[in-house]
Amino acid sequence: MNKLLFSVAPALLALAAAPQAEARPAEAALAAAAAAPAVVHYRTETIDGVKLFYREAGPADGPVVLLLHGFPTSSHMFRNLIPLLADKYRVIAPDYPGYGQSDAPDHTRFAYTFGHFADMIDTLMGRLGASRYAMYVMDYGAPVGYRLALKHPERVTGLIVQNGNAYEEGLRAFWDPIKAYWNEGTPARREALGRLVTLDITKFQYTDGMGDVSRISPDNWVHDQALLDRPGNREIQLDMLYDYRTNVPLYPQFQAFFRERRPPTLIVWGKNDTIFPAEGAGPYLRDLPDAELHLLDSGHFALEDRLSEMAPLIHDFLDRKVAPQAR
């Protein structure tokens, strides 16, 4: 009798486990679906006759996070971050005119200025029904975003600042030849800045000061340089470098916005950046004493080698400081 029980027991146990075994593939599929990267949509909106390209992902009713890129890249710089935020946030990442996949009208027919870009992003967000948003600002994205904040301070639910300047302390030696162009505006000064749109400088921006260059895909500078080398784009970039001078007089207004509105702020800054060095990060704390500051062992495009550190910091910040405002 005991022998019979011992021989039947494995079969009974297998039979009892059978329904669970059948359920496991379904459970695994659900788990895999939950863990799968969010779908990113690539869309365009025509504003004042110019096709503006943008990436969008995440739930339509989620808190909005607006990602504003730097020079000389585009929303491409956020390609790896977007899926990591889109589990619960509606992420919108536009390309400015003359950058990425947006139209690049001739610079003699279109005003390539930071003020114009801010106005166009403002129109885009209105059309997308995004009336409140946190902003990730980087490099050129900082003056674009801060100009947008001056237009609609009540709409800003938070700031994520990554190597984006709002203080004169952050304009160091790299900016000296650019300042010379601001001061004189001559063809010779303009021509001297042509090197800033060459492959060597584009590659430099991605590799200089990086903690681990092996994490930096060469696709970055190949992609960006191909767009910089389009006919007429060099003049667009030189126009933008000249117009950057109009941001500096607005720094006191940007700083007043920080002090008066006190938006929740996370600063994640590549401390080895030559273009926007760490000297530009600390002054934010004068006006935003509650800001969370993280100096990373990285350079200008810190997302390229420190995504694994930055994404958790950003998501946690949004969960604590931005999501509660949307409830």
# chains A, B, ... in the order shown; residues from 1 in each chain; ligands from 1
call {"tool": "closest_atom_pairs", "arguments": {"of": "segment 47-129 of chain A", "to": "segment 308-326 of chain A", "cutoff": "7 Å", "atoms": "only C-alpha atoms", "output": "JSON lines"}}
result
{"residue": "A:Pro63", "atom": "CA", "partner": "A:Ala326", "partner_atom": "CA", "distance": 6.2}
{"residue": "A:Leu81", "atom": "CA", "partner": "A:Ala311", "partner_atom": "CA", "distance": 6.7}
{"residue": "A:Leu85", "atom": "CA", "partner": "A:His315", "partner_atom": "CA", "distance": 6.4}
call {"tool": "write_last_selection", "arguments": {"atoms": "C-alpha atoms", "output": "PDB file, in the first residue's frame"}}
result
ATOM      1  CA  PRO A  63       1.550  64.598 -15.902  1.00  0.00           C
ATOM      2  CA  LEU A  81      15.276  58.611 -21.442  1.00  0.00           C
ATOM      3  CA  LEU A  85       9.677  58.182 -18.019  1.00  0.00           C
TER       4      LEU A  85
END
call {"tool": "residues_around", "arguments": {"residues": "Leu293 of chain A", "least_positions_apart": "6", "cutoff": "9 Å", "atoms": "only C-alpha atoms", "output": "PyMOL selection string"}}
result
chain A and resi 265-269+281-282+285
call {"tool": "write_last_selection", "arguments": {"atoms": "N, CA, C and O atoms", "output": "PDB file, in the first residue's frame"}}
result
ATOM      1  N   THR A 265      12.841  71.641  -8.104  1.00  0.00           N
ATOM      2  CA  THR A 265      13.941  71.615  -9.072  1.00  0.00           C
ATOM      3  C   THR A 265      14.936  70.510  -8.747  1.00  0.00           C
ATOM      4  O   THR A 265      15.370  70.357  -7.601  1.00  0.00           O
ATOM      5  N   LEU A 266      15.281  69.775  -9.781  1.00  0.00           N
ATOM      6  CA  LEU A 266      16.351  68.774  -9.720  1.00  0.00           C
ATOM      7  C   LEU A 266      17.445  69.219 -10.676  1.00  0.00           C
ATOM      8  O   LEU A 266      17.181  69.499 -11.848  1.00  0.00           O
ATOM      9  N   ILE A 267      18.672  69.306 -10.179  1.00  0.00           N
ATOM     10  CA  ILE A 267      19.820  69.669 -11.009  1.00  0.00           C
ATOM     11  C   ILE A 267      20.714  68.442 -11.138  1.00  0.00           C
ATOM     12  O   ILE A 267      21.226  67.934 -10.138  1.00  0.00           O
ATOM     13  N   VAL A 268      20.859  67.943 -12.355  1.00  0.00           N
ATOM     14  CA  VAL A 268      21.744  66.808 -12.639  1.00  0.00           C
ATOM     15  C   VAL A 268      22.742  67.291 -13.687  1.00  0.00           C
ATOM     16  O   VAL A 268      22.405  67.458 -14.849  1.00  0.00           O
ATOM     17  N   TRP A 269      23.956  67.530 -13.274  1.00  0.00           N
ATOM     18  CA  TRP A 269      24.908  68.313 -14.074  1.00  0.00           C
ATOM     19  C   TRP A 269      26.200  67.535 -14.295  1.00  0.00           C
ATOM     20  O   TRP A 269      26.829  67.078 -13.334  1.00  0.00           O
ATOM     21  N   ALA A 281      26.217  75.581 -12.060  1.00  0.00           N
ATOM     22  CA  ALA A 281      25.208  74.781 -11.351  1.00  0.00           C
ATOM     23  C   ALA A 281      24.928  75.325  -9.953  1.00  0.00           C
ATOM     24  O   ALA A 281      23.763  75.487  -9.554  1.00  0.00           O
ATOM     25  N   GLY A 282      25.975  75.605  -9.203  1.00  0.00           N
ATOM     26  CA  GLY A 282      25.819  76.046  -7.824  1.00  0.00           C
ATOM     27  C   GLY A 282      24.972  77.278  -7.625  1.00  0.00           C
ATOM     28  O   GLY A 282      24.176  77.343  -6.676  1.00  0.00           O
ATOM     29  N   LEU A 285      21.263  77.442  -6.432  1.00  0.00           N
ATOM     30  CA  LEU A 285      20.859  77.272  -5.031  1.00  0.00           C
ATOM     31  C   LEU A 285      20.647  78.605  -4.323  1.00  0.00           C
ATOM     32  O   LEU A 285      19.993  78.646  -3.274  1.00  0.00           O
TER      33      LEU A 285
END
call {"tool": "select_by_dssp", "arguments": {"residues": "segment 229-288 of chain A", "states": "helix (DSSP H, G or I)", "output": "number ranges by chain"}}
result
A: 233-246, 248-261, 278-280, 284-287
call {"tool": "closest_residue", "arguments": {"among": "A:Thr73, A:Ser298, A:Ser131, A:Ser102", "to": "Thr46 of chain A", "atoms": "only C-alpha atoms"}}
result
A:Ser102
call {"tool": "closest_residue", "arguments": {"among": "A:Phe258, A:Tyr181, A:Tyr167, A:Phe276", "to": "Met240 of chain A", "atoms": "only C-alpha atoms"}}
result
A:Tyr181
call {"tool": "closest_atom_pairs", "arguments": {"of": "segment 115-184 of chain A", "to": "segment 108-111 of chain A", "cutoff": "10 Å", "atoms": "only C-alpha atoms", "output": "CSV"}}
result
residue,atom,partner,partner_atom,distance
A:Gly115,CA,A:Ala111,CA,9.3
A:His116,CA,A:Ala111,CA,6.9
A:Phe117,CA,A:Ala111,CA,9.1
call {"tool": "write_last_selection", "arguments": {"atoms": "N, CA, C and O atoms", "output": "JSON list (two decimals), in the first residue's frame"}}
result
[["chain", "number", "residue", "atom", "x", "y", "z"],
["A", 115, "GLY", "N", 13.76, 83.62, -28.56],
["A", 115, "GLY", "CA", 12.41, 84.09, -28.31],
["A", 115, "GLY", "C", 11.41, 83.45, -29.27],
["A", 115, "GLY", "O", 10.30, 83.07, -28.86],
["A", 116, "HIS", "N", 11.80, 83.35, -30.54],
["A", 116, "HIS", "CA", 10.91, 82.73, -31.54],
["A", 116, "HIS", "C", 10.69, 81.26, -31.22],
["A", 116, "HIS", "O", 9.56, 80.75, -31.31],
["A", 117, "PHE", "N", 11.75, 80.57, -30.82],
["A", 117, "PHE", "CA", 11.62, 79.15, -30.46],
["A", 117, "PHE", "C", 10.66, 78.98, -29.28],
["A", 117, "PHE", "O", 9.81, 78.09, -29.28]]
call {"tool": "closest_residue", "arguments": {"among": "A:Phe71, A:Phe114, A:Tyr54, A:Trp182", "to": "Tyr242 of chain A", "atoms": "only C-alpha atoms"}}
result
A:Trp182
call {"tool": "residues_around", "arguments": {"residues": "Ala192 of chain A", "least_positions_apart": "3", "cutoff": "12 Å", "atoms": "only C-alpha atoms", "output": "MDAnalysis selection string"}}
result
chainID A and resid 176:181 185:189 195:197 238 241
call {"tool": "closest_residue", "arguments": {"among": "A:Ser214, A:Leu150, A:Arg234, A:Ala60", "to": "Glu260 of chain A", "atoms": "only C-alpha atoms"}}
result
A:Leu150
call {"tool": "closest_residue", "arguments": {"among": "A:Leu250, A:Ala226, A:Ile201, A:Leu148", "to": "Tyr99 of chain A", "atoms": "only C-alpha atoms"}}
result
A:Ala226
call {"tool": "residues_around", "arguments": {"residues": "Asp224 of chain A", "least_positions_apart": "2", "cutoff": "8 Å", "atoms": "only C-alpha atoms", "output": "list in words"}}
result
Pro72, Thr73, Gly100, Thr202, Asn220, Trp221, Val222, Ala226, Leu227 and Leu228 of chain A
call {"tool": "write_last_selection", "arguments": {"atoms": "all heavy atoms", "output": "CSV table (one decimal), in the first residue's frame"}}
result
chain,number,residue,atom,x,y,z
A,72,PRO,N,24.4,70.7,-30.5
A,72,PRO,CA,23.8,70.8,-31.9
A,72,PRO,C,22.9,69.7,-32.2
A,72,PRO,O,22.7,69.3,-33.3
A,72,PRO,CB,25.1,70.7,-32.8
A,72,PRO,CG,25.9,69.7,-32.1
A,72,PRO,CD,25.7,69.9,-30.6
A,73,THR,N,22.3,69.2,-31.1
A,73,THR,CA,21.5,67.9,-31.3
A,73,THR,C,20.0,68.3,-31.5
A,73,THR,O,19.6,69.3,-32.0
A,73,THR,CB,21.8,67.0,-30.1
A,73,THR,OG1,21.1,65.8,-30.3
A,73,THR,CG2,21.4,67.6,-28.8
A,100,GLY,N,17.3,68.6,-35.9
A,100,GLY,CA,16.6,67.3,-36.0
A,100,GLY,C,15.8,67.2,-37.2
A,100,GLY,O,16.2,67.5,-38.3
A,202,THR,N,31.8,68.8,-32.7
A,202,THR,CA,30.6,67.9,-32.4
A,202,THR,C,31.0,66.7,-31.6
A,202,THR,O,30.4,66.4,-30.6
A,202,THR,CB,29.9,67.6,-33.7
A,202,THR,OG1,29.5,68.7,-34.4
A,202,THR,CG2,28.6,66.8,-33.4
A,220,ASN,N,26.1,59.3,-32.3
A,220,ASN,CA,25.7,60.6,-31.8
A,220,ASN,C,26.2,61.7,-32.7
A,220,ASN,O,25.5,62.5,-33.3
A,220,ASN,CB,26.1,60.9,-30.4
A,220,ASN,CG,25.2,60.2,-29.4
A,220,ASN,OD1,24.0,60.4,-29.3
A,220,ASN,ND2,25.8,59.3,-28.6
A,221,TRP,N,27.6,61.7,-32.9
A,221,TRP,CA,28.2,62.8,-33.7
A,221,TRP,C,28.0,62.6,-35.2
A,221,TRP,O,27.9,63.6,-35.9
A,221,TRP,CB,29.6,63.1,-33.3
A,221,TRP,CG,30.5,61.9,-33.3
A,221,TRP,CD1,31.2,61.4,-34.4
A,221,TRP,CD2,31.0,61.1,-32.2
A,221,TRP,NE1,32.0,60.3,-34.0
A,221,TRP,CE2,31.9,60.1,-32.7
A,221,TRP,CE3,30.7,61.1,-30.8
A,221,TRP,CZ2,32.5,59.2,-31.9
A,221,TRP,CZ3,31.3,60.2,-30.0
A,221,TRP,CH2,32.2,59.2,-30.5
A,222,VAL,N,27.8,61.4,-35.6
A,222,VAL,CA,27.5,61.1,-37.0
A,222,VAL,C,26.2,61.7,-37.3
A,222,VAL,O,25.9,62.4,-38.3
A,222,VAL,CB,27.6,59.6,-37.3
A,222,VAL,CG1,27.1,59.4,-38.7
A,222,VAL,CG2,29.1,59.1,-37.2
A,226,ALA,N,25.6,65.1,-39.6
A,226,ALA,CA,24.9,65.0,-40.9
A,226,ALA,C,23.8,66.1,-41.0
A,226,ALA,O,23.6,66.7,-42.1
A,226,ALA,CB,24.2,63.7,-41.0
A,227,LEU,N,23.2,66.5,-39.9
A,227,LEU,CA,22.2,67.5,-39.9
A,227,LEU,C,22.8,68.9,-40.0
A,227,LEU,O,22.4,69.8,-40.6
A,227,LEU,CB,21.3,67.4,-38.7
A,227,LEU,CG,20.4,66.1,-38.7
A,227,LEU,CD1,19.7,66.0,-37.3
A,227,LEU,CD2,19.5,66.1,-39.8
A,228,LEU,N,24.0,69.1,-39.3
A,228,LEU,CA,24.7,70.4,-39.3
A,228,LEU,C,25.2,70.7,-40.7
A,228,LEU,O,25.3,71.8,-41.2
A,228,LEU,CB,25.9,70.3,-38.4
A,228,LEU,CG,25.6,70.5,-36.9
A,228,LEU,CD1,26.8,70.2,-36.1
A,228,LEU,CD2,25.0,71.8,-36.5
